[in-house]
>>> print(open('final-v9.cif').read())   # mmCIF, C-alpha atoms and all ligand atoms
data_structure
#
loop_
_atom_site.label_atom_id
_atom_site.label_comp_id
_atom_site.auth_asym_id
_atom_site.auth_seq_id
_atom_site.Cartn_x
_atom_site.Cartn_y
_atom_site.Cartn_z
CA MET A 91 50.25 114.81 121.25
CA SER A 92 54.02 115.09 121.66
CA GLU A 93 55.61 116.03 124.99
CA LEU A 94 57.21 118.89 123.05
CA SER A 95 53.93 120.43 121.91
CA GLY A 96 53.86 124.10 122.90
CA LYS A 97 57.19 123.90 124.71
CA LYS A 98 59.58 126.82 124.41
CA ILE A 99 63.07 125.54 123.72
CA LEU A 100 66.11 127.75 123.52
CA LEU A 101 68.52 126.07 121.12
CA GLY A 102 72.12 127.06 121.86
CA ILE A 103 74.64 126.45 119.10
CA SER A 104 78.35 126.59 119.78
CA GLY A 105 81.20 126.56 117.31
CA GLY A 106 81.86 123.07 116.00
CA ILE A 107 81.50 121.54 112.56
CA ALA A 108 78.43 119.64 113.81
CA ALA A 109 76.62 123.02 113.93
CA TYR A 110 75.21 122.26 110.46
CA LYS A 111 73.20 119.41 112.03
CA SER A 112 71.44 121.87 114.37
CA ALA A 113 69.32 123.12 111.46
CA GLU A 114 67.81 119.64 111.04
CA LEU A 115 67.41 119.31 114.82
CA LEU A 116 65.51 122.60 114.93
CA ARG A 117 63.17 121.33 112.19
CA ARG A 118 62.52 118.02 113.94
CA LEU A 119 61.75 119.81 117.22
CA GLN A 120 59.30 122.07 115.39
CA ASP A 121 57.66 118.97 113.83
CA GLN A 122 56.86 117.92 117.40
CA GLY A 123 55.19 121.27 118.11
CA ALA A 124 58.03 123.00 119.97
CA GLU A 125 58.68 126.73 119.64
CA ILE A 126 62.36 127.42 119.09
CA ARG A 127 64.58 130.44 119.58
CA VAL A 128 68.25 130.26 118.73
CA VAL A 129 71.32 131.66 120.46
CA MET A 130 74.63 131.19 118.65
CA THR A 131 78.17 131.77 119.81
CA ALA A 132 80.46 133.88 117.62
CA ALA A 133 82.37 130.73 116.62
CA ALA A 134 79.15 128.95 115.59
CA CYS A 135 78.48 131.78 113.10
CA GLU A 136 81.75 130.87 111.36
CA PHE A 137 80.38 127.41 110.60
CA ILE A 138 76.80 128.21 109.61
CA THR A 139 75.03 131.54 109.14
CA PRO A 140 72.52 132.93 111.63
CA LEU A 141 70.28 133.61 108.62
CA THR A 142 69.65 129.87 108.28
CA PHE A 143 68.33 129.66 111.84
CA GLN A 144 66.44 132.93 111.57
CA ALA A 145 64.62 131.58 108.50
CA LEU A 146 63.88 128.23 110.18
CA SER A 147 62.87 129.56 113.60
CA GLY A 148 61.04 132.63 112.33
CA HIS A 149 62.86 134.79 114.90
CA PRO A 150 66.07 136.80 114.88
CA VAL A 151 69.03 134.81 116.14
CA ALA A 152 70.61 136.23 119.29
CA ILE A 153 74.40 136.36 119.31
CA ASP A 154 75.79 139.36 121.20
CA LEU A 155 75.59 139.87 124.92
CA LEU A 156 76.52 143.54 124.70
CA ASP A 157 74.40 144.52 121.70
CA THR A 158 72.03 147.28 122.89
CA GLU A 159 69.56 146.63 120.08
CA SER A 160 69.07 142.96 120.77
CA GLU A 161 69.17 143.48 124.55
CA SER A 162 66.31 145.95 124.20
CA ALA A 163 64.32 143.37 122.18
CA MET A 164 64.80 140.10 124.08
CA GLY A 165 67.87 140.35 126.28
CA HIS A 166 69.68 137.57 128.12
CA ILE A 167 67.40 137.74 131.16
CA GLU A 168 64.21 137.64 129.06
CA LEU A 169 65.57 134.76 126.97
CA ALA A 170 66.42 132.87 130.15
CA ARG A 171 62.89 133.47 131.51
CA TRP A 172 61.24 132.61 128.19
CA ALA A 173 62.81 129.15 127.85
CA ASP A 174 61.08 126.06 129.28
CA ALA A 175 64.38 124.30 128.58
CA ILE A 176 67.77 125.13 127.12
CA VAL A 177 69.44 122.64 124.78
CA ILE A 178 72.98 123.28 123.54
CA ALA A 179 73.73 121.22 120.44
CA PRO A 180 76.50 121.03 119.55
CA ALA A 181 78.21 121.84 122.85
CA THR A 182 81.94 122.33 122.31
CA ALA A 183 84.64 121.62 124.90
CA ASN A 184 85.00 125.40 125.32
CA THR A 185 81.28 125.94 126.00
CA LEU A 186 81.21 123.00 128.44
CA GLY A 187 84.20 124.54 130.23
CA LYS A 188 82.46 127.92 130.50
CA LEU A 189 79.30 126.33 131.88
CA ALA A 190 81.27 124.26 134.37
CA TYR A 191 83.05 127.35 135.68
CA GLY A 192 79.98 129.61 135.63
CA LEU A 193 81.47 132.05 133.13
CA ALA A 194 79.13 134.46 131.38
CA ASP A 195 81.27 136.28 128.83
CA ASP A 196 78.99 135.66 125.85
CA LEU A 197 75.24 135.55 125.35
CA LEU A 198 74.84 131.76 125.45
CA SER A 199 76.77 131.25 128.70
CA ALA A 200 75.08 134.31 130.27
CA VAL A 201 71.60 132.97 129.41
CA CYS A 202 72.47 129.59 130.92
CA LEU A 203 73.69 131.23 134.11
CA ALA A 204 70.54 133.38 134.31
CA SER A 205 68.17 130.44 133.82
CA THR A 206 66.60 128.00 136.26
CA SER A 207 65.07 125.82 133.50
CA PRO A 208 66.42 122.36 132.70
CA LEU A 209 69.69 122.55 130.77
CA ALA A 210 70.83 119.83 128.37
CA VAL A 211 74.07 119.68 126.43
CA ALA A 212 74.93 117.48 123.45
CA PRO A 213 78.74 117.45 123.31
CA ALA A 214 80.49 117.25 119.96
CA MET A 215 84.24 117.47 119.47
CA ASN A 216 87.36 115.66 118.32
CA HIS A 217 87.78 112.40 120.24
CA VAL A 218 91.05 113.48 121.86
CA MET A 219 89.48 116.69 123.16
CA TRP A 220 86.57 114.59 124.44
CA SER A 221 88.78 112.16 126.32
CA GLN A 222 90.93 114.85 127.99
CA GLN A 223 90.68 114.87 131.76
CA ALA A 224 89.80 118.58 131.70
CA THR A 225 86.73 117.93 129.51
CA GLN A 226 85.65 114.93 131.56
CA ASP A 227 86.07 116.85 134.85
CA ASN A 228 83.93 119.69 133.46
CA LEU A 229 81.26 117.21 132.37
CA ASN A 230 81.27 115.55 135.75
CA SER A 231 80.70 118.79 137.56
CA LEU A 232 77.88 119.70 135.17
CA ARG A 233 76.35 116.25 135.63
CA GLN A 234 76.58 116.60 139.39
CA ARG A 235 74.65 119.87 139.17
CA GLY A 236 71.85 118.13 137.30
CA VAL A 237 72.72 119.19 133.74
CA HIS A 238 71.50 116.58 131.25
CA ILE A 239 74.19 115.22 128.96
CA PHE A 240 73.06 113.68 125.68
CA GLY A 241 75.74 111.66 123.89
CA PRO A 242 78.17 111.91 122.29
CA ASP A 243 78.08 109.09 119.72
CA SER A 244 81.21 107.48 118.42
CA GLY A 245 82.25 106.85 114.82
CA HIS A 246 83.86 108.66 111.93
CA GLN A 247 84.70 112.29 112.74
CA ALA A 248 85.00 115.39 110.53
CA CYS A 249 88.72 115.59 111.44
CA GLY A 250 89.21 112.30 109.57
CA GLU A 251 89.70 110.23 112.72
CA THR A 252 87.40 107.74 114.39
CA GLY A 253 86.32 107.82 118.00
CA GLU A 254 83.93 109.16 120.57
CA GLY A 255 82.76 112.75 120.16
CA ARG A 256 80.19 112.84 117.35
CA LEU A 257 77.03 114.82 117.99
CA MET A 258 74.27 112.44 119.02
CA ASP A 259 72.10 111.39 116.09
CA THR A 260 69.24 113.88 115.52
CA GLY A 261 66.42 111.36 116.09
CA ALA A 262 67.97 110.20 119.36
CA LEU A 263 68.48 113.82 120.42
CA VAL A 264 64.80 114.62 119.88
CA GLU A 265 63.83 111.56 121.97
CA ASN A 266 66.21 112.66 124.74
CA ILE A 267 64.92 116.24 124.64
CA LYS A 268 61.38 114.88 125.11
CA THR A 269 62.47 113.33 128.42
CA LEU A 270 63.13 116.84 129.76
CA PHE A 271 59.35 117.35 129.74
CA SER A 272 57.93 113.87 130.36
CA PRO A 273 56.76 113.11 133.90
CA PRO A 274 59.75 111.70 135.79
CA LEU A 275 59.84 107.90 135.48
CA LEU A 276 60.38 107.30 139.19
CA ASP A 277 58.45 110.30 140.49
CA GLY A 278 58.05 110.14 144.26
CA LEU A 279 59.60 106.68 144.62
CA LYS A 280 62.23 105.91 147.25
CA LEU A 281 65.33 104.02 146.16
CA THR A 282 68.20 102.50 148.07
CA ILE A 283 71.34 101.76 146.07
CA THR A 284 74.42 99.98 147.38
CA ALA A 285 77.67 100.79 145.58
CA GLY A 286 81.42 100.34 145.62
CA PRO A 287 83.54 97.72 147.35
CA THR A 288 83.50 96.71 151.00
CA TYR A 289 86.66 96.69 153.11
CA GLU A 290 86.93 93.86 155.62
CA ALA A 291 89.44 94.72 158.33
CA ILE A 292 92.30 92.33 159.15
CA ASP A 293 93.91 94.59 161.75
CA PRO A 294 93.84 98.37 162.40
CA VAL A 295 95.74 99.12 159.16
CA ARG A 296 94.97 96.30 156.71
CA PHE A 297 91.87 95.05 155.01
CA ILE A 298 90.53 92.65 152.38
CA GLY A 299 88.98 94.61 149.52
CA ASN A 300 88.34 94.54 145.80
CA ARG A 301 88.75 96.72 142.70
CA SER A 302 85.18 98.00 142.43
CA SER A 303 85.21 101.76 141.69
CA GLY A 304 81.53 102.36 142.49
CA LYS A 305 81.04 104.11 139.12
CA MET A 306 78.02 102.05 138.02
CA GLY A 307 76.20 102.49 141.33
CA TYR A 308 76.91 106.23 141.46
CA ALA A 309 75.75 106.63 137.83
CA LEU A 310 72.53 104.77 138.71
CA ALA A 311 72.00 106.96 141.78
CA GLN A 312 72.35 110.05 139.59
CA ALA A 313 70.05 108.68 136.87
CA ALA A 314 67.41 107.65 139.43
CA GLN A 315 67.55 111.07 141.08
CA GLN A 316 67.11 112.73 137.69
CA ALA A 317 64.16 110.39 137.09
CA GLY A 318 62.44 111.89 140.13
CA ALA A 319 63.35 109.35 142.82
CA GLN A 320 64.48 110.08 146.36
CA VAL A 321 67.76 108.18 146.48
CA THR A 322 69.80 106.84 149.40
CA LEU A 323 73.24 105.72 148.25
CA ILE A 324 74.97 103.34 150.63
CA SER A 325 78.57 103.46 149.56
CA GLY A 326 81.65 101.47 150.36
CA PRO A 327 84.98 103.34 150.16
CA THR A 328 85.31 105.14 146.79
CA SER A 329 86.93 108.32 145.54
CA LEU A 330 83.80 109.50 143.72
CA PRO A 331 81.95 112.76 144.44
CA SER A 332 78.39 112.44 145.73
CA PRO A 333 75.74 112.70 143.02
CA HIS A 334 73.50 115.78 143.05
CA GLN A 335 70.70 115.68 145.68
CA VAL A 336 71.38 112.11 146.71
CA LYS A 337 71.59 111.11 150.38
CA ARG A 338 74.87 109.26 150.81
CA ILE A 339 75.71 106.96 153.70
CA ASP A 340 79.36 105.87 153.87
CA VAL A 341 80.19 102.41 155.19
CA GLU A 342 83.25 100.18 155.13
CA SER A 343 82.34 96.56 155.81
CA ALA A 344 79.61 94.24 154.52
CA GLU A 345 78.03 94.11 157.97
CA GLN A 346 77.83 97.91 158.10
CA MET A 347 76.38 97.93 154.57
CA LEU A 348 73.77 95.37 155.62
CA GLN A 349 72.75 97.39 158.67
CA ALA A 350 72.55 100.65 156.69
CA SER A 351 70.48 98.87 154.02
CA LEU A 352 68.05 97.34 156.51
CA ASP A 353 67.64 100.76 158.15
CA THR A 354 66.20 102.17 154.90
CA LEU A 355 63.67 99.39 154.26
CA ASP A 356 60.74 100.82 156.22
CA ASP A 357 60.46 103.40 153.50
CA CYS A 358 61.91 101.91 150.33
CA ASP A 359 60.18 101.06 147.04
CA ILE A 360 63.16 99.82 145.04
CA PHE A 361 66.47 98.29 146.18
CA ILE A 362 69.38 98.20 143.73
CA ALA A 363 72.49 96.27 144.72
CA THR A 364 75.51 97.26 142.67
CA ALA A 365 78.03 96.90 145.50
CA ALA A 366 80.84 94.38 145.14
CA VAL A 367 80.43 93.01 148.64
CA ALA A 368 83.33 90.93 149.97
CA ASP A 369 82.10 87.35 150.27
CA TYR A 370 84.21 86.69 153.37
CA ARG A 371 85.52 88.61 156.36
CA VAL A 372 88.19 87.81 158.90
CA ARG A 373 86.73 85.95 161.90
CA GLN A 374 88.87 87.71 164.46
CA ILE A 375 90.08 91.24 163.64
CA ALA A 376 93.47 91.73 165.32
CA GLU A 377 93.43 94.57 167.84
CA GLN A 378 97.02 95.52 167.07
CA LYS A 379 98.90 95.62 163.77
CA ILE A 380 100.00 92.07 162.92
CA LYS A 381 103.81 91.77 162.94
CA LYS A 382 105.58 89.96 160.08
CA SER A 383 107.48 87.60 162.37
CA ALA A 384 106.15 84.24 161.19
CA ASP A 385 106.94 82.79 157.71
CA SER A 386 103.30 82.14 157.04
CA LEU A 387 100.10 83.60 158.34
CA ASN A 388 96.67 81.99 158.35
CA LEU A 389 93.58 84.15 158.44
CA GLU A 390 90.33 82.39 159.21
CA LEU A 391 87.55 83.79 157.04
CA VAL A 392 83.83 83.57 157.65
CA LYS A 393 81.08 84.16 155.15
CA ASN A 394 79.54 87.63 154.98
CA PRO A 395 75.78 88.09 154.94
CA ASP A 396 74.27 88.37 151.45
CA ILE A 397 72.69 91.81 151.71
CA LEU A 398 70.60 91.60 148.56
CA ALA A 399 69.30 88.11 149.34
CA GLN A 400 68.31 89.21 152.86
CA VAL A 401 66.46 92.24 151.53
CA ALA A 402 64.68 90.21 148.83
CA ALA A 403 63.67 87.46 151.28
CA ARG A 404 61.69 89.80 153.51
CA ALA A 405 57.92 89.57 153.46
CA ASP A 406 57.75 93.32 152.77
CA SER A 407 60.58 93.25 150.24
CA PRO A 408 60.96 96.24 147.93
CA PHE A 409 61.33 95.68 144.18
CA THR A 410 64.87 94.33 143.79
CA LEU A 411 67.49 94.73 141.07
CA GLY A 412 70.75 92.86 141.54
CA PHE A 413 73.98 92.75 139.58
CA ALA A 414 76.01 89.75 138.53
CA ALA A 415 79.63 90.14 137.45
CA GLU A 416 80.66 86.95 135.68
CA THR A 417 83.71 85.72 133.80
CA GLU A 418 81.83 82.88 132.04
CA LYS A 419 78.35 81.42 131.47
CA LEU A 420 76.81 84.84 131.97
CA GLU A 421 73.19 83.89 131.30
CA GLU A 422 73.26 80.67 133.32
CA HIS A 423 74.81 82.29 136.40
CA ALA A 424 72.62 85.39 136.17
CA LEU A 425 69.40 83.37 135.92
CA ASN A 426 70.54 81.23 138.84
CA LYS A 427 71.04 84.31 141.01
CA LEU A 428 67.74 85.80 139.88
CA GLN A 429 65.99 82.67 141.08
CA HIS A 430 67.99 81.85 144.21
CA LYS A 431 67.99 85.39 145.57
CA GLN A 432 64.32 85.83 144.55
CA LEU A 433 65.00 89.04 142.65
CA ASN A 434 62.71 90.99 140.35
CA MET A 435 65.55 91.78 137.93
CA ILE A 436 69.25 91.17 137.49
CA ALA A 437 71.81 93.03 135.36
CA ALA A 438 74.71 90.82 134.35
CA ASN A 439 78.04 91.92 132.96
CA GLN A 440 81.05 90.06 131.69
CA VAL A 441 84.13 90.99 133.72
CA GLY A 442 87.77 90.46 132.80
CA GLN A 443 87.35 92.18 129.41
CA ALA A 444 89.37 95.17 128.16
CA ASP A 445 87.88 98.55 129.19
CA SER A 446 84.49 97.33 130.37
CA GLY A 447 83.01 96.60 133.79
CA PHE A 448 85.18 96.92 136.90
CA ASN A 449 86.87 100.32 137.20
CA SER A 450 86.12 101.28 133.59
CA GLU A 451 83.96 104.19 132.34
CA TYR A 452 82.17 101.62 130.16
CA ASN A 453 80.00 98.60 130.65
CA ALA A 454 77.63 96.33 128.74
CA LEU A 455 74.68 94.66 130.45
CA GLN A 456 72.38 91.72 129.88
CA VAL A 457 69.27 92.35 131.93
CA TYR A 458 67.06 89.42 132.95
CA TRP A 459 63.73 89.16 134.74
CA PRO A 460 61.47 86.12 135.16
CA GLY A 461 60.53 85.20 131.59
CA GLY A 462 62.34 88.01 129.80
CA HIS A 463 65.65 89.52 128.77
CA GLN A 464 67.08 92.66 127.19
CA ALA A 465 70.62 93.50 126.13
CA LEU A 466 72.01 96.98 126.82
CA PRO A 467 75.09 97.14 124.55
CA ARG A 468 78.46 98.59 125.59
CA ASN A 469 78.18 102.22 126.46
CA ASN A 470 79.39 104.88 128.87
CA LYS A 471 78.14 103.98 132.37
CA HIS A 472 76.09 107.18 132.66
CA ILE A 473 74.17 106.44 129.45
CA LEU A 474 73.77 102.81 130.44
CA ALA A 475 72.47 103.89 133.85
CA ARG A 476 69.72 105.97 132.23
CA GLN A 477 68.74 103.05 130.00
CA LEU A 478 68.67 100.67 132.97
CA ILE A 479 66.57 103.07 135.06
CA GLN A 480 64.07 103.27 132.19
CA LEU A 481 63.85 99.47 131.97
CA LEU A 482 63.56 99.18 135.75
CA ALA A 483 60.76 101.78 135.86
CA GLU A 484 58.79 99.88 133.19
CA HIS A 485 59.03 96.62 135.13
CA TYR A 486 58.36 98.22 138.49
CA LYS A 487 55.14 99.75 137.14
CA LYS A 488 54.03 96.44 135.64
CA GLU A 489 54.34 94.76 139.03
CA GLN A 490 52.30 97.34 140.95
O1 LIG A 501 76.31 86.18 144.56
P1 LIG A 501 76.96 87.38 143.98
O2 LIG A 501 77.93 88.04 144.88
O3 LIG A 501 77.54 87.18 142.62
O4 LIG A 501 75.73 88.38 143.75
C1 LIG A 501 75.89 89.65 143.24
C2 LIG A 501 74.74 90.51 143.67
O5 LIG A 501 74.44 90.34 145.05
C3 LIG A 501 75.07 91.98 143.52
O6 LIG A 501 73.86 92.67 143.28
C4 LIG A 501 75.64 92.32 144.89
O7 LIG A 501 75.53 93.71 145.19
C5 LIG A 501 74.79 91.48 145.81
N1 LIG A 501 75.48 91.01 147.02
C6 LIG A 501 75.11 91.47 148.27
N2 LIG A 501 75.72 90.98 149.38
C7 LIG A 501 76.71 90.06 149.30
C8 LIG A 501 77.11 89.60 148.04
C9 LIG A 501 76.48 90.09 146.92
O8 LIG A 501 74.22 92.31 148.36
N3 LIG A 501 77.29 89.62 150.38
#
>>> encode(input="final-v9.cif", output="structure tokens", more="lines below")
Ligand code: C5P
Amino acid sequence: MSELSGKKILLGISGGIAAYKSAELLRRLQDQGAEIRVVMTAAACEFITPLTFQALSGHPVAIDLLDTESESAMGHIELARWADAIVIAPATANTLGKLAYGLADDLLSAVCLASTSPLAVAPAMNHVMWSQQATQDNLNSLRQRGVHIFGPDSGHQACGETGEGRLMDTGALVENIKTLFSPPLLDGLKLTITAGPTYEAIDPVRFIGNRSSGKMGYALAQAAQQAGAQVTLISGPTSLPSPHQVKRIDVESAEQMLQASLDTLDDCDIFIATAAVADYRVRQIAEQKIKKSADSLNLELVKNPDILAQVAARADSPFTLGFAAETEKLEEHALNKLQHKQLNMIAANQVGQADSGFNSEYNALQVYWPGGHQALPRNNKHILARQLIQLLAEHYKKEQ
């Protein structure tokens, strides 16, 4: 039996050309046994008629917030209570903006604000609108509040251009919607995740650091939390907001990150090391700011502890997932680290490529474990994080 059997899904449709695909989505959800009611925005009705969705769903389509007749039938509060989940597909930039700001000036946004059920949005819009900072900021605040974001895909767009912003493929959407009801993959498990760079002080004002943004680790923390885990995020200096319901511990140096990591191990099932830890630190941190009097300056560096290797070497080691950023011989180096650090899994990425890896919104991973391998092709780090958490959960369960 499908996870969707008997589930009440409120399908929200906002005004984009992809609205015609929502009819097929509704059908596929019904095939899986879901009961669907539809709320459309006024703009959506310009693209496809409510009659289509009334005929398919077998119920009147709700459109107006201030319509006394429909409010006396099933008003916004009843609709919000009825729904086991709300899925907005397509979600336009405008609708995402309203949700992000908590506006409730039409029926769809009012129902969302009145509901405590899981909310998922499948964005669809022109690729320029998608890439605007305003849209991305709105998405980030929705994501932080636990809203599920499905897609978008990239490819040919109705506007004649090519790029990111197509509504996620219907089959993939149905699979994603199922995850709203499946038991959380990491239910009840405790995860520690290291993220970001470390700063190794030279004197009171200077440090040795690196360009890690922390985006991959933060995306993993968010995905793990959404998968039901209790997450502790040990973060080097970043400018990222804390993910929703994640305990964050801020550190600066590798030694602080090691100590904070070790402190979590009494109660930790899975340890994920995404941090770009500085390999060396200055032996003697100057107490005062170093003056530029001499023509040359020698700093003596000493090796930092390998946090991940120390965690994995413990007799009571949690399940470990490491990362390997490589510029060449990806597989060889990754497998070496998997073996030497005695890890359960390692996710390797090629660095030094345009718009992927360090500081980018995108990444591509090759994931290895003893005797196996899976590629996770280039994608937005949040989507990749969900895929990696799924793979990790499968392997963790196998080893229990
Ligand atoms: O050996 P390398 O630095 O390439 O290994 C990368 C992996 O080890 C990453 O998972 C990283 O977070 C972790 N690591 C660590 N402590 C270090 C160096 C790397 O935890 N000092």
>>> closest_residue(input="final-v9.cif", among="A:Asn426, A:Ala368, A:Pro213, A:Ala173", to="Ile103 (chain A)", atoms="all atoms listed in the file")
A:Pro213
>>> residues_around(input="final-v9.cif", residues="Gly192 (chain A)", least_positions_apart="6", cutoff="10 Å", atoms="only C-alpha atoms", output="list in words")
Leu186, Ser199, Ala200, Cys202 and Leu203 of chain A
>>> residues_near_point(input="final-v9.cif", point="(64.0, 99.5, 147.7)", cutoff="9 Å", atoms="all atoms listed in the file", output="VMD selection string")
chain A and resid 279 to 283 354 to 355 357 to 362 401 407 to 411
>>> residues_around(input="final-v9.cif", residues="Asn439 (chain A)", least_positions_apart="2", cutoff="7 Å", atoms="all atoms listed in the file", output="short mmCIF file (atom, residue, chain, number, x, y, z; two decimals) with C-alpha atoms, in the coordinates of the input")
data_model
loop_
_atom_site.label_atom_id
_atom_site.label_comp_id
_atom_site.auth_asym_id
_atom_site.auth_seq_id
_atom_site.Cartn_x
_atom_site.Cartn_y
_atom_site.Cartn_z
CA ALA A 414 76.01 89.75 138.53
CA ALA A 415 79.63 90.14 137.45
CA GLU A 416 80.66 86.95 135.68
CA ALA A 437 71.81 93.03 135.36
CA VAL A 441 84.13 90.99 133.72
CA GLY A 447 83.01 96.60 133.79
CA ALA A 454 77.63 96.33 128.74
CA LEU A 455 74.68 94.66 130.45
CA GLN A 456 72.38 91.72 129.88
#
>>> atom_distance(input="final-v9.cif", atom1="CA of Ser450 (chain A)", atom2="CA of Lys188 (chain A)")
27.1 Å
>>> residues_near_ligand(input="final-v9.cif", ligand="ligand LIG 501 (chain A)", cutoff="7 Å", atoms="all atoms listed in the file", output="PyMOL selection string")
chain A and resi 284+344+363-369+394-399+412-415+427
>>> residues_around(input="final-v9.cif", residues="Asn230 (chain A)", least_positions_apart="6", cutoff="10 Å", atoms="all atoms listed in the file", output="MDAnalysis selection string")
chainID A and resid 190 224 236:237 239 331 333
>>> residues_near_point(input="final-v9.cif", point="(85.5, 123.4, 125.5)", cutoff="10 Å", atoms="only C-alpha atoms", output="ChimeraX atom specification")
/A:104-105,181-190,213-215,219-220,224-225,228
>>> atom_distance(input="final-v9.cif", atom1="CA of Leu425 (chain A)", atom2="CA of Glu342 (chain A)")
29.0 Å
>>> atom_distance(input="final-v9.cif", atom1="CA of Glu136 (chain A)", atom2="CA of Thr260 (chain A)")
21.5 Å
>>> residues_around(input="final-v9.cif", residues="Pro294 (chain A)", least_positions_apart="5", cutoff="8 Å", atoms="only C-alpha atoms", output="number ranges by chain")
A: 376-379
>>> residues_around(input="final-v9.cif", residues="region 267-272 of chain A", least_positions_apart="2", cutoff="7 Å", atoms="only C-alpha atoms", output="mmCIF file with C-alpha atoms, in the frame of the given file")
data_model
loop_
_atom_site.group_PDB
_atom_site.id
_atom_site.type_symbol
_atom_site.label_atom_id
_atom_site.label_comp_id
_atom_site.auth_asym_id
_atom_site.auth_seq_id
_atom_site.Cartn_x
_atom_site.Cartn_y
_atom_site.Cartn_z
ATOM 1 C CA GLU A 93 55.610 116.030 124.990
ATOM 2 C CA LEU A 94 57.210 118.890 123.050
ATOM 3 C CA LEU A 263 68.480 113.820 120.420
ATOM 4 C CA VAL A 264 64.800 114.620 119.880
ATOM 5 C CA GLU A 265 63.830 111.560 121.970
ATOM 6 C CA PRO A 274 59.750 111.700 135.790
#
>>> closest_residue(input="final-v9.cif", among="A:Arg235, A:Gln480, A:Val392, A:Ala113", to="Arg373 (chain A)", atoms="all atoms listed in the file")
A:Val392
>>> closest_residue(input="final-v9.cif", among="A:Ala403, A:Ala248, A:Ile324, A:Leu478", to="Ala109 (chain A)", atoms="only C-alpha atoms")
A:Ala248
>>> closest_residue(input="final-v9.cif", among="A:Gly241, A:Gln335, A:His246, A:Thr252", to="Lys471 (chain A)", atoms="only C-alpha atoms")
A:Gly241
>>> axis_aligned_box(input="final-v9.cif", around="region 234-249 of chain A", padding_each_side="5 Å", output="JSON")
{"center_x": 80.1, "center_y": 113.4, "center_z": 125.0, "size_x": 27.2, "size_y": 23.0, "size_z": 38.9}
>>> decode(input="final-v9.cif", residues="region 110-114 of chain A", atoms="all heavy atoms", output="PDB file, in the first residue's frame")
ATOM      1  N   TYR A 110      -0.727  23.858 -15.799  1.00  0.00           N
ATOM      2  CA  TYR A 110      -1.392  22.785 -16.560  1.00  0.00           C
ATOM      3  C   TYR A 110      -0.884  21.410 -16.115  1.00  0.00           C
ATOM      4  O   TYR A 110      -1.587  20.417 -16.213  1.00  0.00           O
ATOM      5  CB  TYR A 110      -1.221  22.989 -18.072  1.00  0.00           C
ATOM      6  CG  TYR A 110       0.142  22.602 -18.615  1.00  0.00           C
ATOM      7  CD1 TYR A 110       0.365  21.331 -19.138  1.00  0.00           C
ATOM      8  CD2 TYR A 110       1.203  23.499 -18.609  1.00  0.00           C
ATOM      9  CE1 TYR A 110       1.616  20.975 -19.649  1.00  0.00           C
ATOM     10  CE2 TYR A 110       2.442  23.161 -19.096  1.00  0.00           C
ATOM     11  CZ  TYR A 110       2.644  21.897 -19.623  1.00  0.00           C
ATOM     12  OH  TYR A 110       3.877  21.538 -20.089  1.00  0.00           O
ATOM     13  N   LYS A 111       0.341  21.360 -15.580  1.00  0.00           N
ATOM     14  CA  LYS A 111       0.901  20.070 -15.146  1.00  0.00           C
ATOM     15  C   LYS A 111       0.266  19.585 -13.833  1.00  0.00           C
ATOM     16  O   LYS A 111       0.394  18.426 -13.462  1.00  0.00           O
ATOM     17  CB  LYS A 111       2.419  20.181 -14.948  1.00  0.00           C
ATOM     18  CG  LYS A 111       3.181  20.515 -16.228  1.00  0.00           C
ATOM     19  CD  LYS A 111       4.661  20.599 -15.936  1.00  0.00           C
ATOM     20  CE  LYS A 111       5.459  20.984 -17.162  1.00  0.00           C
ATOM     21  NZ  LYS A 111       6.856  21.284 -16.839  1.00  0.00           N
ATOM     22  N   SER A 112      -0.380  20.512 -13.110  1.00  0.00           N
ATOM     23  CA  SER A 112      -0.963  20.151 -11.817  1.00  0.00           C
ATOM     24  C   SER A 112      -2.119  19.165 -11.986  1.00  0.00           C
ATOM     25  O   SER A 112      -2.434  18.405 -11.074  1.00  0.00           O
ATOM     26  CB  SER A 112      -1.454  21.386 -11.074  1.00  0.00           C
ATOM     27  OG  SER A 112      -0.448  22.351 -11.063  1.00  0.00           O
ATOM     28  N   ALA A 113      -2.775  19.200 -13.159  1.00  0.00           N
ATOM     29  CA  ALA A 113      -3.885  18.274 -13.405  1.00  0.00           C
ATOM     30  C   ALA A 113      -3.354  16.830 -13.414  1.00  0.00           C
ATOM     31  O   ALA A 113      -3.937  15.930 -12.804  1.00  0.00           O
ATOM     32  CB  ALA A 113      -4.558  18.613 -14.734  1.00  0.00           C
ATOM     33  N   GLU A 114      -2.231  16.631 -14.078  1.00  0.00           N
ATOM     34  CA  GLU A 114      -1.604  15.302 -14.118  1.00  0.00           C
ATOM     35  C   GLU A 114      -1.112  14.906 -12.723  1.00  0.00           C
ATOM     36  O   GLU A 114      -1.277  13.756 -12.293  1.00  0.00           O
ATOM     37  CB  GLU A 114      -0.431  15.345 -15.119  1.00  0.00           C
ATOM     38  CG  GLU A 114       0.340  14.052 -15.284  1.00  0.00           C
ATOM     39  CD  GLU A 114      -0.482  12.922 -15.903  1.00  0.00           C
ATOM     40  OE1 GLU A 114      -1.539  13.209 -16.494  1.00  0.00           O
ATOM     41  OE2 GLU A 114      -0.065  11.747 -15.755  1.00  0.00           O
TER      42      GLU A 114
END
